[in-house]
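S.K.: Handing you a structure now.
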Amino acid sequence: MNVVSAIKKNALAAAAPIMIVVLLLAISPATRSVEAIASLLRQGFAPAVLGWGVLFNMKVGNWDFSIGARFVLASIVAGNMAMGMRLGVLGVVVLCIVLSLIMGVAVGLAYRFLKIPTLIVSIGICLIFESVTRIIYGGAGTHLTPEYMILGTLPYEVIVFIICFAVAAYFYYKNKLGYNVRAVGSNPTVAQTNGISALNTKTKAIIISGLFAGLYCIMTLSRSSVCSAVSGTLGSAATVFDAMMCVLIGMAICGKGNIIFAIYSGALITQVLKMGMMAIGLPTSYNKVIIAAFVVLFMVISSYSDDLKKVFSKRRAGAAA
Amino acid sequence: GSDSTSVSAGTSSADQSAPAQLSDDGNASSAAGADASKEEKIKIGMIWYGNTDAMGGTFYSWANHAAEILNVELIWKLGSYTTADELTDCENLISAGCQGIYFIPMDTSANLQLGTACQNAGVYWSISNRQISDEEILAACEANPYFVNRIYDNSYDVCKEMVKVLADQGIKKVCVLTGDPNDGMMVERNQGFADGCEEYGVEVLAESRLVSGDASANVNSVNNFLTLYSDMEGILAASGTAGVGEGIITALNASGREPGSVKVAAFDTFDGNQEAFEQGWIAASCGGYTSECLVSFLSLVNRVRGNEISDQVAVWSLSPLLITSTEEMEIFSKYVDNPDVQLYSDELIKSLVGPDVTAEDYQAVLDDWNIEFVKEAVGI
Amino acid sequence: MIDIIRKIVPIAGLIILFVLFSVTTSGMFLKWNNLQSLILQSAITMVAAVGTAFVMAHNNLDFSLGGACAMSCVFAYLIVGNNLWLFFLMCIVIGVLCGLFSAVLHIKGKVPAFIAGLCLMFAGRGIAESVCSTQSMLLVQAAALNHIGFFIIVLVIVVAVGVLLFNFTKIGKYQKLIGTNPKAAELSGISVSKYKTIAFVLSGLTLGIAACLTVVRSPNIVSSIGTNLETNVLLALSLGGMSMTGGSSSKMRSAVIGTLIFYILNNGLTLWGLDANYVDIVKAAFFLFTVTISIDRSQYEVIV
Amino acid sequence: MYKDFGPTKAVTDMTLELKRGVVTGLVGENGSGKSTISSMISGVYPPTKGTMTYKGQPYSPKSVLDARKQGIQYLTQEQGTIDGMTVAENMFLGEEESLGKKGIVNIKKINARSAEILKENGLENVIPTKMVDDYSFEERKMIETARALSHQPEILIIDETTTALSQKGRDRIYEIIAEQKAKGTAVLIISHDLDEVKHLCDEVVVMRDGIYINTLTGGDIEPHNIRQNMIGREIDGSYYRADYECSYDEEVVLEVRNLSVSGIFEDISFELHKGEILGIGGLSECGMHELLKTVYGALKPSSGSVILKKNGVQLKNTTVSVKNKIAYIPKDRDKESLFQATSIKDNIVTAALDKLKKGFIITPSSERKMADKEAANIEVKMRDIEQQVRDLSGGNKQKVVIAKWMANDSRLFIMDCPTRGIDVGVKEKIYKLMNRLKNEGIAILMVSEEMMELIGMADRIITMKDGKLSKEFERSAGLTESTIISAIV
Ligand SMILES: Nc1ncnc2c1ncn2[C@@H]1O[C@H](COP(=O)(O)OP(=O)(O)OP(=O)(O)O)[C@@H](O)[C@H]1O
Ligand SMILES: Nc1ncnc2c1ncn2[C@@H]1O[C@H](COP(=O)(O)OP(=O)(O)OP(=O)(O)O)[C@@H](O)[C@H]1O
Ligand SMILES: [Mg+2]
Ligand SMILES: [Mg+2]
């Protein structure tokens with residue numbers, strides 16, 4: 001019964017990427033292999049992890065532009081420190097998480113104490129962190145040697161992803177924070193009269209996004225081995241926008257289901273689209289257009305279906321009265 | 001001026017014994033050096049994309065070093081990626097009292113815009129690394145009395161050459177990571193690959209835009225190549241810097257394929273390419289056009305000092321190094337992996353600023369650019 | 001007392017910066033050539049900020065600016081090609097269409113405006129990248145207009161019309177009311193959808209004009225054109241004292257003062273010859289500091 | 001106790017005593033400080049000066065949660081649930097972890113416990129896992145009440161909750177109060193309904209301008225007596241219309257024809273005449289509030305039409321209505337008619353900007369002139385015209401709303417509970433104004449939940465039941481509350 005209802009609730013979030021994958025399989029024979037599908041599924045891992053961090057911020061109404069810069073800076077410092085001090089894989093993992101959390105705390109506390117909109121705080125601090133990536137280690141970035149990249153190989157990558165999933169689900173559904181985030185996001189006034197401090201919750205959301213930025217560092221470093229300094233002012237904003245797009249698709253296809261899963265689906269959809277475009281020989285620059293169109297489409301459909309649902313439930317309430 | 005070979009020769013054992021060399025070097029260069037240090041300090045504005053990748057970091061360090069020798073004050077503006085931003089930087093630098101502006105034009109129109117701003121303010125300017133692709137703009141720039149020189153590298157030929165290296169190894173099917181089409185230099189490289197493939201009978205299976213600075217995006221692109229085109233034998237990359245090259249090699253290593261079963265030809269060198277060469281992943285690499293930045297900068301300094309080498313805009317070109325063997329890569333890595341290596345000696349730098357310097361001197365330095373020169377300069 | 005300090009901080013900040021740089025740059029800052037450059041540089045952001053202020057006043061953020069700027073330039077060029085004035089006209093028309101598109105998505109599609117803007121920005125950038133990779137689009141004639149006279153005329157007209165509409169007509173007044181309480185606005189007979197649409201259209205209009213100025217500054221249309229326009233505008237408006245949630249405290253002067261602060265800071269730091277690696281850090285610190293003391297926290301139930 | 005909000009002295013030297021098993025009423029004019037004192041007791045904000053003692057110990061709650069933990073529950077005037085979350089999540093707001101092991105929210109237990117609590121409070125129909133916004137305002141208020149009671153409060157504060165409820169809901173609250181009283185809970189009730197106060201309270205504390213005035217007990221708790229204490233002067237009980245004539249012009253101003261909003265009300269037709277006050281009565285859920293909104297053009301009817309007789313215009317949206325000089329005073333003042341963080345001036349001129357236009361320009365001086373005039377006409381108590389509306393008390397806010405519509409020379413007023421939550425002084429003013437408008441030939445369509453108000457003011461009364469018209473009454477001396485109530489339940 002429970003399983004059935006869980007499947008039912010998540011049906012759309014599961015069906016959407018499956019449909020698009022099936023379409024891809026139809027278009028491109030080369031993708032009809034276990035390896036190809038596995039490769040796709042793995043491509044969705046890292047963006048989903050960052051998306052979960054962004055989820056907390058978007059849900060609570062934070063504008064966090066700094067998460068991209070935080071990720072780059074944490075990756076660079078963690079990678080170089082771990083290699084310099086020969087700390088091994090565990091060292092990279094711990095450093096990524098700790099550094100990223102520290103930066104999350106820095107942004108969170110700046111918001112908490114300066115009491116200015118998250119948009120301004122995060123852009124300001126983003127500029128600072130970006131500059132630091134260019135100054136620290138002479139702007140050289142980091143390049144991990146293969147022995148530090150075990151977590152990017154199978155089966156470890158899947159294990160790391162499952163752990164991340166569990167952590168995200170825990171914080172969103174099993175921990176007070178997730179509830180408070182939703183409460184403050186939809187009605188800060190009432191949340192506050194019920195003893196939930198909006199300021200604190202928003203601060204915590206920024207900090208927790210640091211945890212996921214750290215996990216994202218681990219996943220991308222293990223996958224690509226390098227992280228280079230941010231070039232240009234707000235050059236890291238693209239990372240934030242990409243993640244937002246995954247979250248938006250996730251929210252739109254989530255329905256009553258599990259948002260953590262839906263965001264992974266969203267991340268997967270964006271990756272499938274990219275591969276699909278390559279398969280049919282379209283320039284990859286059209287990706288952005290297609291993804292934007294997808295988000296708009298999903299958002300419009302979901303807001304209309306929400307409306308429909310409301311109308312129907314009102315009718316029933318009215319009829320009952 | 002002195003004969004260019006002797007200048008180059010004088011650079012061979014570089015920094016360690018600089019004072020000793022100063023006295024027994026050619027007259028012209030030591031005179032120029034002495035002149036420079038006596039002269040009033042000049043201010044040059046440097047509009048530079050960034051100092052975090054190999055070329056950016058190297059030139060940042062070279063230019064600062066040269067400025068110190070030549071008694072020049074530099075004001076850097078880093079991180080401008082659009083013409084509008086470069087123009088803003090240029091105007092601010094002119095206001096800050098710069099007498100010369102050096103930049104890499106982000107697109108063709110930057111030549112016109114920044115050139116006009118410089119002309120209006122009576123400030124000299126020079127560029128490097130880009131052709132001026134539009135006739136009208138080229139004409140306008142040539143007519144600009146404050147335009148000192150332009151230097152470009154013939155990426156196009158080198159890219160074709162890289163395809164040839166792959167074709168010679170029997171490779172018939174490749175995927176291409178193309179460069180940003182807004183960037184004139186990248187357009188040349190993309191075109192060089194395309195024409196090369198046509199000429200040497202190599203089939204392009206798919207293209208994907210490389211993403212500078214986001215390594216995982218490039219990893220995904222390579223993964224998608226591998227998934228969609230199992231018959232792919234090679235990868236061409238218009239640039240390997242800023243995480244692109246590392247991403248490609250990492251993706252190949254993680255793919256489980258036999259090292260060397262896919263051959264990569266990538267413009268620009270990157271971290272770990274020495275090892276990738278040894279493993280057999282890389283068949284051809286190419287790099288080293290920081291020299292033209294330095295030459296352009298020195299020629300600008302020379303003009304600001306009042307030394308006119310020509311009443312026309314000087315035009316020079318440089319051929320980037322094509323690296324096809326592990327040995328060459330080893331030599332080149334010595335230099336390129338370390339931005340603090342000063343490939344050009346203080347004497348040579350001083351010798352390139354002075355009343356007697358000619359256009360041929362500059363071109364000679366550019367012509368001298370080959371792996372043998374690097375080998376000598378790094379002292380192998 | 002605190003209130004008064006808060007209100008004057010943006011303008012005071014501007015004056016302090018002005019005096020500071022006048023005094024510390026041995027006259028370089030005050031040279032007419034430099035002031036002229038400042039006007040040229042700040043024009044694009046200022047023009048876009050004037051229109052965006054209408055959208056912000058009714059409590060929406062317009063995130064489309066940069067991408068929409070690239071898109072209008074590209075489409076305008078594809079449609080009319082090399083004819084400069086037709087191109088300008090087309091840029092503005094497409095800018096307005098972008099604004100309308102955001103409005104329709106937001107109002108009819110019920111998508112939050114920032115998401116609509118984000119998608120437009122994404123799509124615009126993607127379209128520009130795709131088109132630019134196959135076509136070179138150069139408007140050399142535009143370069144001739146990179147001249148103080150032209151910019152002053154455009155700025156004076158845009159700012160004057162902006163101030164007039166914002167302070168002395170229903171269009172501006174209704175935006176502020178909608179920003180304060182959209183439901184009450186609707187029930188007071190204000191057609192909220194209509195006036196929100198007008199705001200987006202105005203924002204699109206100024207965006208179109210800003211796109212024209214961008215082409216005047218950089219006559220080659222490439223996909224990176226207009227990069228960071230949306231964040232520059234947002235930062236400028238907040239530096240000028242604009243509340244992120246709009247409402248009745250919104251002022252048009254924020255657009256002018258904020259943009260000037262933004263560019264004077266950039267200019268002055270260059271005149272000082274500050275190490276390029278640290279410029280962004282100093283700028284960021286200044287933003288945070290200024291907004292911290294100037295923000296009117298009573299405008300926010302919860303700081304967003 | 002003292003509480004200052006900047007220059008506003010909301011409460012000065014207030015003393016209040018709550019006893020176990022005693023229901024205390026707190027009454028006073030709008031803005032007299034009732035909500036402020038309740039907020040201090042329940043930890044919303046600390047007093048500027050003064051101390052509290054609770055069960056013999058000094059008491060100074062650090063937060064709402066802190067006060068709640070110590071057994072003090074506060075049902076506020078405003079909505080206290082969060083849309084987009086389930087009923088159960090709302091019931092455990094701020095206490096999500098209470099049923100789980102360390103740091104883990106056990107949603108199953110929360111759902112189960114919520115179901116129990118709802119059942120205990122007679123809300124079996126409410127499903128804990130459904131979204132709270134699937135329920136009506138009244139049901140949500142009851143959910144909130146259940147949440148408060150589940151904490152076994154020792155002090156229960158109910159701030160004007162009943163004004164928002166139907167008779168059924170009110171009866172339920174009265175039951176709850178009785179139960180709590182029996183359990184020994186100290187109950188504090190804030191209400192403007194003096195009959196209710198008389199019916200419920202053992203003691204009544206009267207406040208005026210933030211100051212304690214008097215405590216009434218036993219037989220002294222009489223509406224007339226309370227009123228006198230509140231206002232500080234004698235007022236005659238009859239502030240309604242003095243005549244008992246059904247008097248209006250033959251001319252039809254507005255025609256409502258077969259109007260329906262599916263699921264809410266059905267097939268409603270009536271005519272409104274020049275100089276007529278037409279009252280509509282019914283239970284909260286009968287659809288009358290939505291009917292007014294639909295007539296005004298703020299809700300889309302599923303069928304039927306609303307036609308302005310003089311020019312045949314259909315009122316299809318609010319803009320058309322306002323253009324045609326129609327005014328709408330909604331029930332939920334704070335949310336639906338006021339721009340809180342905006343000046344009184346801007347609030348007043350909102351609907352009348354077209355009058356001020358010269359070309360398309362509106363000058364600040366003309367705005368000021370208009371606002372000054374209208375504010376003075378209706379005697380808004382304010383510091384100056386630039387003062388923010390949110391700093392005004394309820395009654396003065398309502399005056400601002402009325403001034404807004406007077407400024408637009410409205411010829412037809414649609415009023416939804418125009419005196420809801422308003423003290424007797426301002427009430428009297430509003431009735432006088434309605435009378436004056438009627439005599440000027442202006443038509444008024446009024447919904448009210450107070451039968452006496454309908455009987456006292458309306459020329460005709462239409463009653464609604466379950467979304468349909470049930471009866472019509474003409475104004476007459478013999479009309480009583482029970483006649484009307486029998487038509488609506
Ligand atoms: N947060 C606040 N900031 C400023 N002034 C306030 C605030 N809250 C209340 N006031 C002012 O304090 C006074 C008392 O307000 P309070 O809400 O306690 O009145 P009340 O007796 O509950 O009135 P009503 O019957 O209208 O609810 C009013 O003048 C009000 O305007
Ligand atoms: N705009 C609307 N569209 C559709 N249905 C609505 C709308 N507003 C209210 N309803 C529904 O109509 C019914 C009456 O709601 P409402 O809360 O307005 O009742 P009310 O009579 O004002 O009650 P109360 O006196 O408690 O406020 C409820 O079921 C509510 O959900
Ligand atoms: Mg109150
Ligand atoms: Mg009701």
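Numbering starts fresh at 1 for the residues of each chain in the structure tokens, the chains themselves are lettered A, B, ... in the order given, and ligands are numbered from 1 as they appear.
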Can you pull out the residues contacting segment 136-151 of chain C? Cut-off 10 Å, using only C-alpha atoms, and skip same-chain residues under 2 positions away; I want them as a ChimeraX atom specification.
M.R.: /B:108-109,112-113,116-117,134,136-137,181-182 /C:33,36-44,73-74,77-78,81-85,87-88,131-134,153-157,212-222
S.K.: Set the distance at 10 Å and use only C-alpha atoms: which residues neighbour Leu65 of chain C once local chain neighbours fewer than 3 positions away are removed? I'd like the list as a ChimeraX atom specification.
M.R.: /C:48-49,52,62,68-71,95,98-99,117-118,120-121,124,203-204,206-208,210-211,226-233
S.K.: Could you check the closest approach to chain C for each of A:Pro117, A:Gly214, A:Gly250, A:Gly152 and tell me which residue wins, using only C-alpha atoms?
M.R.: A:Pro117
S.K.: Neighbouring residues of Val322 of chain D were defined as those with any atom within 12 Å, considering only C-alpha atoms; residues of the same chain fewer than 6 positions away were excluded. Please report them as number ranges by chain.
M.R.: C: 185-191; D: 296-298, 315-316, 328, 350-355, 404-414
S.K.: Of the candidates C:Met244, C:Val163, C:Leu269, C:Ala123, which shows the shortest atom-to-atom distance to chain A, using only C-alpha atoms?
M.R.: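 So, comparing all the options, the nearest one is C:Ala123.
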S.K.: Mind giving me the straight-line distance from atom CA of Thr58 of chain B to atom CA of Asp340 of chain B in Å, one decimal?
M.R.: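 One can read the atom CA of Thr58 of chain B to atom CA of Asp340 of chain B distance as 6.9 Å.
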S.K.: Interatomic distance between atom CA of Gly84 of chain A and atom CA of Val105 of chain A?
M.R.: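 Atom CA of Val105 of chain A lies at a distance of 25.4 Å from atom CA of Gly84 of chain A.
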S.K.: Env of segment 43-51 of chain D: 7 Å cut, atoms = only C-alpha atoms, seq-sep filter 2 positions within chain, self excluded. Answer as a list in words.
M.R.: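 Using only C-alpha atoms, the neighbours found are Thr193 of chain A; Met1, Tyr2, Lys3, Asp4, Ser39, Met40, Ile41, Thr53, Pro61, Lys62, Ser63, Val64 and Ala67 of chain D.
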S.K.: Produce as JSON, numbers by chain the set of residues near ligand 4, where near means within 7 Å with only C-alpha atoms and all ligand atoms considered.
M.R.: {"D": [164, 165, 166, 283, 284, 285, 449]}
S.K.: Within 7 Å of Ser254 of chain C, counting only C-alpha atoms, which residues qualify if same-chain residues fewer than 2 places away don't, as an NGL selection string?
M.R.: :C and (237 or 240-242 or 251-252 or 256-258)
S.K.: Write out, as a tab-separated table (two decimals), in the first residue's frame, the residues just selected, with all heavy atoms.
M.R.:
```
chain	number	residue	atom	x	y	z
C	237	LEU	N	20.50	49.53	-8.59
C	237	LEU	CA	19.27	49.96	-7.95
C	237	LEU	C	19.35	49.80	-6.43
C	237	LEU	O	18.90	50.68	-5.69
C	237	LEU	CB	18.08	49.18	-8.50
C	237	LEU	CG	17.60	49.62	-9.89
C	237	LEU	CD1	16.60	48.64	-10.46
C	237	LEU	CD2	16.98	51.01	-9.84
C	240	GLY	N	21.30	52.44	-4.96
C	240	GLY	CA	20.55	53.68	-4.97
C	240	GLY	C	19.44	53.72	-3.92
C	240	GLY	O	18.70	54.68	-3.84
C	241	GLY	N	19.29	52.63	-3.16
C	241	GLY	CA	18.33	52.65	-2.07
C	241	GLY	C	16.98	52.04	-2.40
C	241	GLY	O	16.02	52.16	-1.65
C	242	MET	N	16.89	51.33	-3.53
C	242	MET	CA	15.62	50.71	-3.91
C	242	MET	C	15.37	49.47	-3.06
C	242	MET	O	16.27	48.68	-2.85
C	242	MET	CB	15.71	50.32	-5.39
C	242	MET	CG	14.44	49.73	-5.94
C	242	MET	SD	13.26	51.03	-6.25
C	242	MET	CE	12.95	50.82	-7.97
C	251	LYS	N	11.92	54.68	-5.37
C	251	LYS	CA	12.20	56.01	-5.94
C	251	LYS	C	12.93	55.86	-7.27
C	251	LYS	O	13.82	55.02	-7.39
C	251	LYS	CB	13.10	56.80	-5.00
C	251	LYS	CG	12.52	57.08	-3.64
C	251	LYS	CD	11.63	58.31	-3.66
C	251	LYS	CE	11.07	58.65	-2.30
C	251	LYS	NZ	10.37	57.54	-1.64
C	252	MET	N	12.60	56.70	-8.21
C	252	MET	CA	13.29	56.66	-9.50
C	252	MET	C	14.73	57.13	-9.36
C	252	MET	O	15.62	56.70	-10.09
C	252	MET	CB	12.52	57.49	-10.52
C	252	MET	CG	13.08	57.44	-11.92
C	252	MET	SD	13.45	55.79	-12.53
C	252	MET	CE	11.83	55.23	-13.03
C	256	VAL	N	19.36	56.46	-10.95
C	256	VAL	CA	20.42	57.38	-11.35
C	256	VAL	C	21.57	57.37	-10.35
C	256	VAL	O	22.73	57.16	-10.71
C	256	VAL	CB	19.84	58.81	-11.50
C	256	VAL	CG1	20.94	59.79	-11.86
C	256	VAL	CG2	18.73	58.81	-12.54
C	257	ILE	N	21.20	57.54	-9.08
C	257	ILE	CA	22.25	57.61	-8.06
C	257	ILE	C	23.02	56.30	-7.99
C	257	ILE	O	24.26	56.27	-7.97
C	257	ILE	CB	21.62	57.91	-6.69
C	257	ILE	CG1	21.01	59.31	-6.71
C	257	ILE	CG2	22.65	57.81	-5.58
C	257	ILE	CD1	20.27	59.67	-5.44
C	258	GLY	N	22.27	55.19	-7.98
C	258	GLY	CA	22.91	53.88	-7.86
C	258	GLY	C	23.88	53.61	-8.99
C	258	GLY	O	25.01	53.16	-8.77
```
S.K.: Please identify all protein, DNA and RNA residues within 12 Å of ligand 3, counting only C-alpha atoms and all ligand atoms, and report them as a CSV table (one decimal) with N, CA, C and O atoms, in the first residue's frame.
M.R.:
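Contents of part_16.csv, freshly written:
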```csv
chain,number,residue,atom,x,y,z
D,10,ALA,N,1.4,52.6,22.8
D,10,ALA,CA,0.2,51.7,22.6
D,10,ALA,C,-0.4,51.3,23.9
D,10,ALA,O,-1.6,51.2,24.0
D,26,LEU,N,-11.7,41.5,27.6
D,26,LEU,CA,-10.9,42.7,27.5
D,26,LEU,C,-11.6,43.6,26.4
D,26,LEU,O,-11.6,43.1,25.2
D,27,VAL,N,-12.1,44.7,26.7
D,27,VAL,CA,-12.7,45.5,25.7
D,27,VAL,C,-12.2,46.9,25.7
D,27,VAL,O,-11.5,47.4,26.6
D,28,GLY,N,-12.4,47.6,24.6
D,28,GLY,CA,-11.9,48.9,24.4
D,28,GLY,C,-12.0,49.3,23.0
D,28,GLY,O,-12.2,48.4,22.1
D,29,GLU,N,-11.9,50.6,22.7
D,29,GLU,CA,-12.1,51.1,21.3
D,29,GLU,C,-10.9,50.5,20.5
D,29,GLU,O,-9.9,50.1,21.0
D,30,ASN,N,-11.1,50.7,19.2
D,30,ASN,CA,-10.0,50.3,18.3
D,30,ASN,C,-8.8,51.1,18.6
D,30,ASN,O,-8.8,52.3,18.9
D,31,GLY,N,-7.7,50.3,18.7
D,31,GLY,CA,-6.4,51.0,19.0
D,31,GLY,C,-6.2,51.3,20.4
D,31,GLY,O,-5.3,52.0,20.8
D,32,SER,N,-7.0,50.7,21.3
D,32,SER,CA,-6.8,51.0,22.7
D,32,SER,C,-5.7,50.2,23.3
D,32,SER,O,-5.4,50.4,24.5
D,33,GLY,N,-5.2,49.2,22.6
D,33,GLY,CA,-4.1,48.5,23.1
D,33,GLY,C,-4.3,47.0,23.5
D,33,GLY,O,-3.5,46.4,24.1
D,34,LYS,N,-5.5,46.5,23.1
D,34,LYS,CA,-5.9,45.2,23.6
D,34,LYS,C,-4.9,44.1,23.0
D,34,LYS,O,-4.4,43.2,23.7
D,35,SER,N,-4.7,44.2,21.7
D,35,SER,CA,-3.8,43.2,21.0
D,35,SER,C,-2.4,43.3,21.5
D,35,SER,O,-1.7,42.4,21.7
D,36,THR,N,-2.0,44.6,21.8
D,36,THR,CA,-0.7,44.8,22.2
D,36,THR,C,-0.4,44.1,23.6
D,36,THR,O,0.6,43.4,23.8
D,37,ILE,N,-1.3,44.3,24.5
D,37,ILE,CA,-1.1,43.7,25.8
D,37,ILE,C,-1.1,42.1,25.7
D,37,ILE,O,-0.3,41.4,26.3
D,38,SER,N,-2.0,41.6,24.8
D,38,SER,CA,-2.0,40.2,24.6
D,38,SER,C,-0.7,39.7,24.0
D,38,SER,O,-0.2,38.6,24.4
D,39,SER,N,-0.2,40.5,23.1
D,39,SER,CA,1.1,40.1,22.5
D,39,SER,C,2.2,40.0,23.5
D,39,SER,O,3.1,39.2,23.4
D,75,LEU,N,-4.6,33.0,20.4
D,75,LEU,CA,-5.3,32.9,19.1
D,75,LEU,C,-5.4,34.3,18.6
D,75,LEU,O,-6.2,35.1,19.1
D,76,THR,N,-4.7,34.6,17.5
D,76,THR,CA,-4.6,36.0,17.1
D,76,THR,C,-5.8,36.4,16.2
D,76,THR,O,-6.6,35.5,15.8
D,77,GLN,N,-5.9,37.7,15.9
D,77,GLN,CA,-6.9,38.2,15.0
D,77,GLN,C,-6.6,37.7,13.6
D,77,GLN,O,-7.5,37.5,12.8
D,78,GLU,N,-5.3,37.5,13.2
D,78,GLU,CA,-5.0,37.1,11.9
D,78,GLU,C,-5.0,35.6,11.6
D,78,GLU,O,-5.0,34.8,12.6
D,158,ILE,N,-8.0,34.7,23.4
D,158,ILE,CA,-8.7,34.7,22.1
D,158,ILE,C,-9.0,36.1,21.7
D,158,ILE,O,-9.8,36.8,22.2
D,159,ASP,N,-8.2,36.5,20.6
D,159,ASP,CA,-8.3,37.9,20.2
D,159,ASP,C,-9.2,38.0,19.0
D,159,ASP,O,-8.8,37.7,17.9
D,160,GLU,N,-10.4,38.5,19.2
D,160,GLU,CA,-11.4,38.8,18.1
D,160,GLU,C,-11.5,37.7,17.1
D,160,GLU,O,-11.7,37.9,15.9
D,161,THR,N,-11.4,36.4,17.6
D,161,THR,CA,-11.5,35.3,16.7
D,161,THR,C,-12.9,35.1,16.3
D,161,THR,O,-13.2,34.8,15.1
D,163,THR,N,-15.3,37.2,15.6
D,163,THR,CA,-15.8,38.0,14.5
D,163,THR,C,-15.7,37.4,13.1
D,163,THR,O,-16.5,37.7,12.3
D,189,ILE,N,-10.7,37.0,26.7
D,189,ILE,CA,-11.4,37.2,25.4
D,189,ILE,C,-11.4,38.6,25.0
D,189,ILE,O,-11.7,39.5,25.8
D,190,ILE,N,-11.0,38.9,23.8
D,190,ILE,CA,-11.1,40.3,23.3
D,190,ILE,C,-12.2,40.3,22.2
D,190,ILE,O,-12.2,39.4,21.3
D,191,SER,N,-13.2,41.1,22.4
D,191,SER,CA,-14.3,41.2,21.4
D,191,SER,C,-14.9,42.5,21.4
D,191,SER,O,-14.9,43.3,22.4
D,192,HIS,N,-15.4,42.9,20.2
D,192,HIS,CA,-16.2,44.1,20.1
D,192,HIS,C,-17.7,43.8,20.2
D,192,HIS,O,-18.5,44.7,20.2
D,207,MET,N,-10.3,49.1,28.6
D,207,MET,CA,-9.2,49.9,28.3
D,207,MET,C,-9.6,51.1,27.4
D,207,MET,O,-10.5,51.0,26.6
D,210,GLY,N,-4.9,52.9,25.6
D,210,GLY,CA,-3.7,52.2,26.2
D,210,GLY,C,-3.7,52.3,27.8
D,210,GLY,O,-2.8,51.8,28.4
D,334,ASP,N,-7.4,44.8,6.3
D,334,ASP,CA,-6.0,44.9,6.2
D,334,ASP,C,-5.4,44.2,4.9
D,334,ASP,O,-4.5,44.7,4.4
D,392,LEU,N,-2.0,53.2,12.0
D,392,LEU,CA,-3.3,53.6,12.5
D,392,LEU,C,-4.0,52.4,13.2
D,392,LEU,O,-3.7,51.2,12.9
D,393,SER,N,-5.0,52.7,14.0
D,393,SER,CA,-5.8,51.6,14.6
D,393,SER,C,-6.9,51.2,13.6
D,393,SER,O,-7.2,51.8,12.6
D,394,GLY,N,-7.5,50.1,13.9
D,394,GLY,CA,-8.5,49.5,13.0
D,394,GLY,C,-9.6,50.5,12.6
D,394,GLY,O,-9.9,50.6,11.4
D,395,GLY,N,-10.2,51.2,13.5
D,395,GLY,CA,-11.3,52.1,13.1
D,395,GLY,C,-10.8,53.2,12.2
D,395,GLY,O,-11.5,53.6,11.2
D,420,ARG,N,-17.1,45.7,10.9
D,420,ARG,CA,-16.4,44.5,11.5
D,420,ARG,C,-15.2,44.9,12.3
D,420,ARG,O,-14.3,45.6,11.8
D,421,GLY,N,-15.1,44.5,13.6
D,421,GLY,CA,-14.0,44.8,14.4
D,421,GLY,C,-13.8,46.2,14.6
D,421,GLY,O,-12.7,46.7,14.8
D,422,ILE,N,-14.9,47.0,14.6
D,422,ILE,CA,-14.7,48.4,14.8
D,422,ILE,C,-15.5,48.8,16.1
D,422,ILE,O,-16.6,48.3,16.4
D,423,ASP,N,-15.0,49.7,16.8
D,423,ASP,CA,-15.6,50.1,18.1
D,423,ASP,C,-16.8,51.0,17.9
D,423,ASP,O,-17.0,51.5,16.8
```
S.K.: What separation in Å, quoted to one decimal, exists between atom CA of Ser100 of chain A and atom CA of Phe212 of chain A?
M.R.: 8.3 Å
